[in-house]
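Engineer: Input coords_16.pdb, format and content: PDB, C-alpha atoms, pLDDT in the B column.
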ATOM      1  CA  MET A   8      -4.613   5.332 -22.754  1.00 74.00           C
ATOM      2  CA  GLU A   9      -2.957   5.229 -19.319  1.00 81.00           C
ATOM      3  CA  ARG A  10       0.043   7.354 -18.570  1.00 84.00           C
ATOM      4  CA  TYR A  11       2.634   6.329 -16.004  1.00 81.00           C
ATOM      5  CA  VAL A  12       4.944   8.649 -14.108  1.00 79.00           C
ATOM      6  CA  ILE A  13       8.019   7.558 -12.201  1.00 81.00           C
ATOM      7  CA  VAL A  14       8.602   9.326  -8.888  1.00 80.00           C
ATOM      8  CA  GLN A  15      11.212   9.161  -6.162  1.00 83.00           C
ATOM      9  CA  THR A  16      10.981   9.917  -2.465  1.00 83.00           C
ATOM     10  CA  GLN A  17      13.113   9.588   0.628  1.00 87.00           C
ATOM     11  CA  LEU A  18      11.644   7.599   3.505  1.00 88.00           C
ATOM     12  CA  SER A  19      13.363   6.340   6.631  1.00 90.00           C
ATOM     13  CA  ASP A  20      13.592   2.616   7.309  1.00 92.00           C
ATOM     14  CA  GLU A  21      11.211   3.038  10.251  1.00 92.00           C
ATOM     15  CA  THR A  22       8.624   4.742   8.024  1.00 91.00           C
ATOM     16  CA  ILE A  23       8.844   1.983   5.427  1.00 92.00           C
ATOM     17  CA  LYS A  24       8.552  -0.711   8.093  1.00 94.00           C
ATOM     18  CA  ARG A  25       5.475   0.989   9.592  1.00 93.00           C
ATOM     19  CA  LEU A  26       3.924   1.495   6.139  1.00 93.00           C
ATOM     20  CA  LYS A  27       4.298  -2.228   5.393  1.00 94.00           C
ATOM     21  CA  GLU A  28       2.710  -3.116   8.736  1.00 94.00           C
ATOM     22  CA  VAL A  29      -0.265  -0.777   8.282  1.00 93.00           C
ATOM     23  CA  THR A  30      -0.979  -1.796   4.682  1.00 93.00           C
ATOM     24  CA  GLY A  31      -0.306  -5.505   5.214  1.00 94.00           C
ATOM     25  CA  GLU A  32       1.923  -5.664   2.143  1.00 94.00           C
ATOM     26  CA  ASN A  33       5.319  -7.371   1.916  1.00 93.00           C
ATOM     27  CA  THR A  34       7.024  -5.092  -0.611  1.00 92.00           C
ATOM     28  CA  VAL A  35       7.714  -1.368  -0.493  1.00 91.00           C
ATOM     29  CA  LYS A  36       6.261  -0.925  -3.986  1.00 90.00           C
ATOM     30  CA  GLU A  37       2.919  -2.527  -3.098  1.00 92.00           C
ATOM     31  CA  ALA A  38       2.726  -0.769   0.279  1.00 92.00           C
ATOM     32  CA  LEU A  39       3.292   2.634  -1.337  1.00 91.00           C
ATOM     33  CA  ALA A  40       0.789   1.917  -4.104  1.00 90.00           C
ATOM     34  CA  LYS A  41      -1.865   0.903  -1.576  1.00 91.00           C
ATOM     35  CA  ALA A  42      -1.181   3.967   0.592  1.00 90.00           C
ATOM     36  CA  ILE A  43      -1.361   6.326  -2.393  1.00 88.00           C
ATOM     37  CA  MET A  44      -4.626   4.835  -3.637  1.00 89.00           C
ATOM     38  CA  HIS A  45      -6.090   5.163  -0.128  1.00 87.00           C
ATOM     39  CA  TYR A  46      -4.940   8.789   0.096  1.00 84.00           C
ATOM     40  CA  ILE A  47      -6.540   9.654  -3.250  1.00 85.00           C
ATOM     41  CA  GLY A  48      -9.908   8.265  -2.197  1.00 84.00           C
ATOM     42  CA  CYS A  49      -9.876   9.385   1.447  1.00 81.00           C
ATOM     43  CA  ASP A  50     -11.963  12.468   2.330  1.00 79.00           C
ATOM     44  CA  LYS A  51      -9.986  13.059   5.546  1.00 75.00           C
ATOM     45  CA  ALA A  52      -6.720  13.178   3.613  1.00 69.00           C
ATOM     46  CA  LYS A  53      -7.966  16.050   1.457  1.00 67.00           C
ATOM     47  CA  THR A  54      -8.213  18.298   4.525  1.00 69.00           C
ATOM     48  CA  HIS A  55      -4.617  17.647   5.647  1.00 58.00           C
ATOM     49  CA  VAL A  56      -2.394  20.705   5.442  1.00 63.00           C
ATOM     50  CA  GLY A  57       1.305  20.003   5.642  1.00 62.00           C
ATOM     51  CA  GLU A  58       4.653  21.146   4.413  1.00 62.00           C
ATOM     52  CA  ILE A  59       5.903  19.698   1.156  1.00 57.00           C
ATOM     53  CA  LYS A  60       9.598  19.903   0.418  1.00 60.00           C
ATOM     54  CA  LYS A  61      10.532  20.550  -3.169  1.00 61.00           C
ATOM     55  CA  ALA A  62      13.685  18.915  -4.421  1.00 58.00           C
ATOM     56  CA  LYS A  63      16.379  21.210  -5.683  1.00 61.00           C
ATOM     57  CA  ARG A  64      17.479  20.614  -9.247  1.00 59.00           C
ATOM     58  CA  ARG A  65      21.093  19.659  -9.726  1.00 55.00           C
ATOM     59  CA  GLY A  66      23.427  21.920 -11.610  1.00 55.00           C
ATOM     60  CA  GLY A  67      23.973  20.698 -15.154  1.00 47.00           C
ATOM     61  CA  GLY A  68      20.298  20.060 -15.921  1.00 55.00           C
ATOM     62  CA  ARG A  69      18.916  16.574 -15.884  1.00 64.00           C
ATOM     63  CA  TYR A  70      22.218  14.817 -16.537  1.00 68.00           C
ATOM     64  CA  PRO A  71      23.614  12.524 -13.829  1.00 72.00           C
ATOM     65  CA  VAL A  72      26.607  14.035 -12.045  1.00 74.00           C
ATOM     66  CA  TYR A  73      29.140  11.708 -13.683  1.00 74.00           C
ATOM     67  CA  LEU A  74      27.815  12.537 -17.150  1.00 76.00           C
ATOM     68  CA  ALA A  75      27.802  16.280 -16.475  1.00 76.00           C
ATOM     69  CA  ASN A  76      31.448  15.967 -15.388  1.00 77.00           C
ATOM     70  CA  LEU A  77      32.361  14.095 -18.580  1.00 78.00           C
ATOM     71  CA  ILE A  78      30.642  16.730 -20.722  1.00 79.00           C
ATOM     72  CA  ALA A  79      32.446  19.525 -18.873  1.00 81.00           C
ATOM     73  CA  MET A  80      35.792  17.764 -19.384  1.00 81.00           C
ATOM     74  CA  ALA A  81      35.096  17.278 -23.085  1.00 82.00           C
ATOM     75  CA  LYS A  82      34.152  20.949 -23.478  1.00 84.00           C
ATOM     76  CA  SER A  83      37.309  22.128 -21.710  1.00 85.00           C
ATOM     77  CA  GLU A  84      39.446  19.938 -23.990  1.00 82.00           C
ATOM     78  CA  GLY A  85      37.671  21.316 -27.049  1.00 81.00           C
ATOM     79  CA  LYS A  86      36.136  17.980 -28.054  1.00 72.00           C
ATOM     80  CA  LEU A  87      32.587  19.341 -27.935  1.00 65.00           C
TER      81      LEU A  87
END
What does the file become when written as structure tokens?
Structural biologist:
Amino acid sequence: MERYVIVQTQLSDETIKRLKEVTGENTVKEALAKAIMHYIGCDKAKTHVGEIKKAKRRGGGRYPVYLANLIAMAKSEGKL
């Protein structure tokens, strides 16, 4: 059974444009998929040492900001 994971990243427009050119793909999704599959199989990529930024978790857990605000309002009014 295959398992899929959804991920998000921030890339500049220039990076996306260059990625599409290098991979020869028309869509961001296909260009990223091709780049990731190349990276997984590439021996040179395994020796790359770089800095990886970890995203900071938002306050309020995994709720979107608007939902966290609604929950906080409901709690302050005694509805929760």
Engineer: Excluding same-chain residues fewer than 4 positions from range 38-46 of chain A, what lies within 7 Å of it counting only C-alpha atoms, as a JSON list (two decimals) with C-alpha atoms, in the frame of the given file?
Structural biologist:
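Writing done, so here's out_6.json:
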[["chain", "number", "residue", "atom", "x", "y", "z"],
["A", 26, "LEU", "CA", 3.92, 1.50, 6.14],
["A", 27, "LYS", "CA", 4.30, -2.23, 5.39],
["A", 30, "THR", "CA", -0.98, -1.80, 4.68],
["A", 32, "GLU", "CA", 1.92, -5.66, 2.14],
["A", 34, "THR", "CA", 7.02, -5.09, -0.61],
["A", 52, "ALA", "CA", -6.72, 13.18, 3.61]]
Engineer: Quick check, in Å to one decimal: how far apart do CA of Val35 in chain A and CA of Cys49 in chain A lie?
Structural biologist: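 If I compute the distance from CA of Val35 in chain A to CA of Cys49 in chain A, I get 20.7 Å.
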Engineer: Please indicate the distance in Å from CA of Arg10 in chain A to CA of Ile23 in chain A, rounded to one decimal place.
Structural biologist: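 Distance between the two atoms: 26.1 Å.
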Engineer: Between CA of Tyr11 in chain A and CA of Lys36 in chain A, what distance in Å does the model show, to one decimal?
Structural biologist: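 Computed distance, CA of Tyr11 in chain A to CA of Lys36 in chain A, equals 14.5 Å.
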Engineer: Output as AutoDock Vina command-line options the centre and edge lengths (Å, one decimal) of the box along x, y and z of the file that holds every listed atom of range 36-42 of chain A after adding 3 Å on each side.
Structural biologist:
--center_x 2.2 --center_y 0.7 --center_z -1.8 --size_x 14.1 --size_y 12.5 --size_z 10.7
